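Student: TSV, C-alpha atoms, saved as start20.tsv, coming up:
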```tsv
chain	number	residue	atom	x	y	z
A	57	MET	CA	3.40	-5.01	-3.72
A	58	ASN	CA	2.77	-2.20	-1.27
A	59	GLN	CA	3.44	-3.25	2.32
A	60	ILE	CA	0.89	-2.27	4.96
A	61	LEU	CA	1.54	-1.97	8.70
A	62	ILE	CA	-1.37	-2.74	11.04
A	63	ILE	CA	-1.13	-1.22	14.53
A	64	GLU	CA	-4.08	-2.72	16.39
A	65	ASP	CA	-4.26	-4.32	19.84
A	66	ASP	CA	-7.36	-6.44	19.24
A	67	GLN	CA	-6.17	-9.80	17.92
A	68	VAL	CA	-9.37	-10.70	16.05
A	69	THR	CA	-9.52	-7.33	14.29
A	70	ARG	CA	-5.82	-7.54	13.46
A	71	GLU	CA	-6.16	-11.04	12.00
A	72	ASN	CA	-9.21	-10.03	9.95
A	73	MET	CA	-7.26	-7.13	8.45
A	74	VAL	CA	-4.33	-9.41	7.62
A	75	LEU	CA	-6.65	-11.88	5.88
A	76	LEU	CA	-8.49	-9.18	3.93
A	77	LEU	CA	-5.35	-7.43	2.73
A	78	GLY	CA	-3.57	-10.70	1.98
A	79	PHE	CA	-6.51	-11.80	-0.16
A	80	HIS	CA	-6.06	-8.66	-2.26
A	81	GLY	CA	-2.34	-9.25	-2.70
A	82	TYR	CA	-0.92	-6.91	-0.04
A	83	ARG	CA	1.95	-7.82	2.23
A	84	THR	CA	1.34	-6.94	5.88
A	85	LEU	CA	3.19	-6.44	9.14
A	86	SER	CA	1.37	-6.08	12.43
A	87	ALA	CA	1.94	-4.72	15.92
A	88	GLU	CA	-0.32	-4.62	18.96
A	89	LYS	CA	1.44	-1.63	20.53
A	90	GLY	CA	2.29	1.82	19.23
A	91	CYS	CA	5.99	1.65	20.16
A	92	LYS	CA	6.41	-1.62	18.26
A	93	GLY	CA	4.63	-0.16	15.24
A	94	ILE	CA	6.98	2.84	15.17
A	95	GLU	CA	9.96	0.49	15.46
A	96	LEU	CA	8.74	-1.56	12.48
A	97	LEU	CA	8.20	1.59	10.42
A	98	LYS	CA	11.82	2.60	10.98
A	99	GLN	CA	13.04	-0.84	9.91
A	100	GLU	CA	10.76	-1.65	6.96
A	101	GLU	CA	9.50	-0.11	3.73
A	102	ILE	CA	5.89	0.74	4.57
A	103	ALA	CA	3.41	2.39	2.19
A	104	LEU	CA	0.39	2.59	4.52
A	105	ILE	CA	-0.45	2.25	8.20
A	106	LEU	CA	-3.81	1.16	9.60
A	107	LEU	CA	-3.81	2.65	13.09
A	108	ASP	CA	-6.10	2.10	16.07
A	109	LEU	CA	-6.31	4.99	18.53
A	110	ASN	CA	-6.96	2.94	21.68
A	111	LEU	CA	-3.61	1.18	22.13
A	112	PRO	CA	-2.41	-0.41	25.38
A	113	ASP	CA	0.81	1.59	25.64
A	114	CYS	CA	-0.22	4.99	24.25
A	115	ASP	CA	-2.86	7.05	22.47
A	116	GLY	CA	-2.87	6.50	18.72
A	117	ARG	CA	-2.76	10.26	18.20
A	118	ASP	CA	0.65	10.30	19.87
A	119	VAL	CA	1.75	7.64	17.38
A	120	ILE	CA	0.72	9.91	14.49
A	121	THR	CA	2.69	12.80	16.01
A	122	GLU	CA	5.79	10.65	16.48
A	123	ILE	CA	5.61	9.20	12.98
A	124	ARG	CA	5.32	12.62	11.35
A	125	LYS	CA	8.53	13.71	13.09
A	126	PHE	CA	10.56	11.40	10.83
A	127	ASN	CA	8.27	10.19	8.04
A	128	ASN	CA	5.92	12.36	5.99
A	129	ASP	CA	5.63	9.89	3.12
A	130	VAL	CA	3.83	6.94	4.71
A	131	ARG	CA	0.04	7.11	4.53
A	132	ILE	CA	-2.04	6.66	7.71
A	133	ILE	CA	-5.65	5.51	7.98
A	134	VAL	CA	-7.07	5.71	11.49
A	135	VAL	CA	-9.40	2.78	12.25
A	136	THR	CA	-11.04	3.33	15.61
A	137	GLY	CA	-14.04	2.74	17.83
A	138	ARG	CA	-14.08	6.40	18.87
A	139	ARG	CA	-17.15	7.79	17.19
A	140	GLU	CA	-17.10	11.41	18.36
A	141	LEU	CA	-17.56	13.78	15.42
A	142	THR	CA	-14.70	15.93	16.72
A	143	GLU	CA	-12.19	13.06	16.49
A	144	MET	CA	-11.92	12.95	12.69
A	145	PRO	CA	-10.75	16.54	12.07
A	146	ILE	CA	-8.27	16.27	14.96
A	147	VAL	CA	-6.46	13.20	13.60
A	148	LEU	CA	-6.55	14.56	10.04
A	149	GLN	CA	-4.95	17.80	11.19
A	150	MET	CA	-2.31	15.80	13.06
A	151	GLY	CA	-1.25	14.02	9.88
A	152	ALA	CA	-3.60	11.11	9.23
A	153	ASP	CA	-4.87	10.68	5.66
A	154	ASP	CA	-8.26	9.11	6.37
A	155	PHE	CA	-10.53	7.92	9.18
A	156	ILE	CA	-12.76	4.85	9.56
A	157	ALA	CA	-15.07	4.38	12.54
A	158	LYS	CA	-15.69	0.86	13.84
A	159	PRO	CA	-17.57	-1.30	13.12
A	160	TRP	CA	-16.26	-1.25	9.56
A	161	THR	CA	-17.05	-3.59	6.71
A	162	MET	CA	-14.45	-5.43	4.64
A	163	ASP	CA	-15.53	-3.53	1.51
A	164	THR	CA	-15.20	-0.15	3.24
A	165	LEU	CA	-11.72	-0.88	4.59
A	166	TYR	CA	-10.46	-2.22	1.27
A	167	SER	CA	-11.91	0.75	-0.65
A	168	LYS	CA	-10.23	3.21	1.72
A	169	VAL	CA	-6.89	1.44	1.36
A	170	GLU	CA	-7.12	1.49	-2.44
A	171	VAL	CA	-8.05	5.19	-2.58
A	172	VAL	CA	-5.30	6.31	-0.19
A	173	LEU	CA	-2.63	4.29	-2.01
A	174	ARG	CA	-3.85	5.62	-5.37
A	175	HIS	CA	-3.42	9.17	-4.08
A	176	LYS	CA	0.07	8.22	-2.91
A	177	ARG	CA	0.98	7.05	-6.41
A	178	MET	CA	-0.34	10.27	-7.91
A	179	ASN	CA	2.08	12.24	-5.74
A	180	PHE	CA	4.92	10.36	-7.43
A	181	PRO	CA	3.69	10.25	-11.06
A	182	PHE	CA	7.02	9.41	-12.70
A	183	PHE	CA	9.64	6.69	-12.47
A	184	ARG	CA	13.04	7.18	-14.09
A	185	SER	CA	16.02	4.84	-14.19
A	186	GLY	CA	18.77	5.45	-16.73
A	187	ASN	CA	17.16	5.67	-20.16
A	188	PHE	CA	13.87	4.20	-18.88
A	189	ASN	CA	10.99	6.64	-18.16
A	190	MET	CA	7.52	5.74	-16.93
A	191	ASP	CA	4.55	8.11	-16.49
A	192	PHE	CA	2.02	6.54	-14.12
A	193	ASN	CA	-0.74	9.04	-14.87
A	194	ALA	CA	-0.44	8.90	-18.65
A	195	ARG	CA	0.37	5.16	-18.46
A	196	THR	CA	3.22	5.56	-20.95
A	197	VAL	CA	6.75	4.16	-21.16
A	198	GLN	CA	9.73	5.62	-22.97
A	199	VAL	CA	13.14	4.03	-23.55
A	200	ASN	CA	15.89	6.23	-25.02
A	201	ASN	CA	13.21	8.94	-25.44
A	202	GLU	CA	11.18	6.67	-27.74
A	203	MET	CA	7.68	5.47	-26.85
A	204	VAL	CA	7.39	1.75	-26.18
A	205	PHE	CA	3.92	0.19	-26.21
A	206	PHE	CA	2.76	-2.59	-23.91
A	207	THR	CA	-0.44	-4.54	-23.40
A	208	LYS	CA	-2.55	-3.81	-20.32
A	209	ILE	CA	-1.12	-6.69	-18.28
A	210	GLU	CA	2.45	-5.94	-19.42
A	211	TYR	CA	2.07	-2.33	-18.30
A	212	GLU	CA	0.60	-3.35	-14.94
A	213	ILE	CA	3.55	-5.67	-14.29
A	214	LEU	CA	5.96	-2.85	-15.15
A	215	GLU	CA	4.08	-0.47	-12.86
A	216	ILE	CA	4.30	-2.88	-9.93
A	217	LEU	CA	8.01	-3.43	-10.49
A	218	ALA	CA	8.67	0.31	-10.83
A	219	MET	CA	6.71	1.19	-7.69
A	220	GLN	CA	8.74	-1.40	-5.76
A	221	ALA	CA	12.11	-0.59	-7.36
A	222	GLY	CA	14.95	-1.75	-5.12
A	223	SER	CA	12.82	-4.48	-3.51
A	224	VAL	CA	12.73	-8.16	-4.41
A	225	ILE	CA	9.32	-9.25	-5.70
A	226	GLU	CA	8.78	-12.97	-5.95
A	227	TYR	CA	6.94	-14.50	-8.90
A	228	LYS	CA	4.31	-15.89	-6.50
A	229	GLU	CA	3.48	-12.36	-5.32
A	230	LEU	CA	2.84	-11.25	-8.90
A	231	PHE	CA	0.82	-14.37	-9.60
A	232	ASP	CA	-1.30	-13.91	-6.45
A	233	TYR	CA	-1.94	-10.26	-7.35
A	234	PHE	CA	-3.12	-11.00	-10.89
A	235	ALA	CA	-5.13	-14.00	-9.73
A	236	LYS	CA	-7.13	-11.63	-7.51
A	237	GLU	CA	-7.64	-9.39	-10.56
A	238	ASN	CA	-9.22	-12.36	-12.37
A	239	TYR	CA	-6.30	-13.04	-14.70
A	240	SER	CA	-5.91	-16.77	-15.28
A	241	GLU	CA	-2.54	-18.52	-15.54
A	242	ASP	CA	-3.87	-20.47	-18.54
A	243	LYS	CA	-4.53	-17.30	-20.51
A	244	TYR	CA	-1.72	-15.15	-19.13
A	245	ASN	CA	1.57	-16.93	-18.47
A	246	LEU	CA	3.32	-14.34	-16.31
A	247	LYS	CA	6.79	-15.77	-16.82
A	248	SER	CA	6.39	-15.53	-20.61
A	249	ILE	CA	5.03	-12.01	-20.32
A	250	ILE	CA	7.96	-10.90	-18.15
A	251	ASN	CA	10.40	-12.38	-20.66
A	252	LYS	CA	8.64	-10.45	-23.43
A	253	ILE	CA	8.92	-7.22	-21.42
A	254	LYS	CA	12.66	-7.78	-20.98
A	255	LYS	CA	13.09	-8.05	-24.76
A	256	ASN	CA	11.53	-4.59	-25.20
```
Would you put the structure from the file into structure tokens?

Tutor:
Amino acid sequence: MNQILIIEDDQVTRENMVLLLGFHGYRTLSAEKGCKGIELLKQEEIALILLDLNLPDCDGRDVITEIRKFNNDVRIIVVTGRRELTEMPIVLQMGADDFIAKPWTMDTLYSKVEVVLRHKRMNFPFFRSGNFNMDFNARTVQVNNEMVFFTKIEYEILEILAMQAGSVIEYKELFDYFAKENYSEDKYNLKSIINKIKKN
């Protein structure tokens, strides 16, 4: 699953974000200071950052500037109480990908996260490893230059594994993800499905 870093000094807001994202199957890391958030980004594989601007040790805009010095791949959504109309274009020009003004709703935050991560995937539309080729946009898989067909859930499992290539994904993470997507373990036995994928 994509890992999301939350840089937010307010404990209640931070915990609400962790609960929301965890419910939807995302792994999270959190920091209450900008310097700690930058340190975590250098140590971990992060797909997206939720960043507050009013941090106790620095201005969130300085965090964006520092991050873009060494990482142009991670996506950044600014989540802030600053409501000035001039703030949004400034942070977007500095390297943020989106902007949410507090107070935000759970649905709004989740929708923003989904959209930004979808755009990130579209920037990397292919996965190749040896004789295995996957096209995320066309939703096709080729092995030895021959098309291999999968069911919807089989393809989605492959997509998750490909997007997280090189990382260990536990069975429970996959199960939690598909449970949130309303797949039932009675109807879809993930272990059996994974074994079927391996045979292809």

Student: Rounded to one decimal place, report the CA of Ala218 in chain A-CA of Arg195 in chain A distance in Å.

Tutor: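 We find that CA of Ala218 in chain A and CA of Arg195 in chain A lie 12.3 Å from each other.
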
Student: Given the point (13.7, 2.0, -23.2) in the file's coordinates, find the residues that have an atom at most 9 Å from it, counting all atoms listed in the file, and give them as a list of chain:residue names.

Tutor: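 The residues that fall inside the cut-off are A:Gly186, A:Asn187, A:Phe188, A:Asn189, A:Val197, A:Gln198, A:Val199, A:Asn200, A:Asn201, A:Glu202, A:Met203, A:Val204, A:Asn256.
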
Student: Any idea what the distance is between CA of Val130 in chain A and CA of Ile102 in chain A?

Tutor: 6.5 Å

Student: Could you give me, as number ranges by chain, the residues within 10 Å of Pro145 in chain A, counting all atoms listed in the file and dropping anything in the same chain fewer than 6 positions from it?

Tutor: A: 152, 154-155

Student: Please, what distance in Å, to one decimal, runs between CA of Thr207 in chain A and CA of Phe231 in chain A?

Tutor: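 A separation of 17.0 Å between them.
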
Student: Extract, using only C-alpha atoms, all DNA, RNA and protein residues at most 6 Å from Ile132 in chain A, discarding same-chain residues fewer than 4 positions from it, and format them as a PyMOL selection string.

Tutor: chain A and resi 104-105+152-153

Student: Specify the axis-aligned box that encloses all atoms of range 182-193 of chain A listed in the file after padding of 8 Å on each side, stating its centre and edge lengths in Å to one decimal as JSON.

Tutor:
```
{"center_x": 9.0, "center_y": 6.8, "center_z": -16.3, "size_x": 35.5, "size_y": 21.2, "size_z": 23.7}
```

Student: So that I can check the surroundings of Met73 in chain A, please list as a PyMOL selection string every protein, DNA and RNA residue that reaches within 9 Å of it, counting only C-alpha atoms and ignoring chain neighbours fewer than 5 positions away.

Tutor: chain A and resi 62+68+78+84+162+165

Student: Up to 9 Å from (-3.2, -6.0, 16.6) in the file's coordinates: name the residues, counting all atoms listed in the file, as a list in words.

Tutor: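 The requested residues, written out, are Ile62, Ile63, Glu64, Asp65, Asp66, Gln67, Val68, Thr69, Arg70, Glu71, Ser86, Ala87, Glu88, Lys89 and Asp108 of chain A.
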
Student: Using only C-alpha atoms, can you tell me which of A:Met150, A:Leu61, A:Ile253, A:Ile213 comes closest to Gly93 in chain A?

Tutor: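 Checking each candidate against Gly93 in chain A, we get A:Leu61 as the closest.
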
Student: Set the distance at 10 Å and use only C-alpha atoms: which residues neighbour Asn110 in chain A once local chain neighbours fewer than 2 positions away are removed? I'd like the list as a list in words.

Tutor: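 Residues near the query, excluding close chain neighbours: Glu64, Asp65, Asp66, Lys89, Gly90, Leu107, Asp108, Pro112, Asp113, Cys114, Asp115, Gly116, Arg117, Val135, Thr136, Gly137 and Arg138 of chain A.
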
Student: Return the single residue from A:Asp163, A:Asp129, A:Glu101, A:Glu143 that is closest to Leu76 in chain A, with distances computed using all atoms listed in the file.

Tutor: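 When distances to Leu76 in chain A are compared using all atoms listed in the file, the smallest one comes from A:Asp163.
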
Student: Could you check which of A:Ile60, A:Asp191, A:Leu109, A:Leu77 is closest to Arg131 in chain A, using all atoms listed in the file?

Tutor: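 Looking at the shortest contact to Arg131 in chain A, the residue is A:Ile60.
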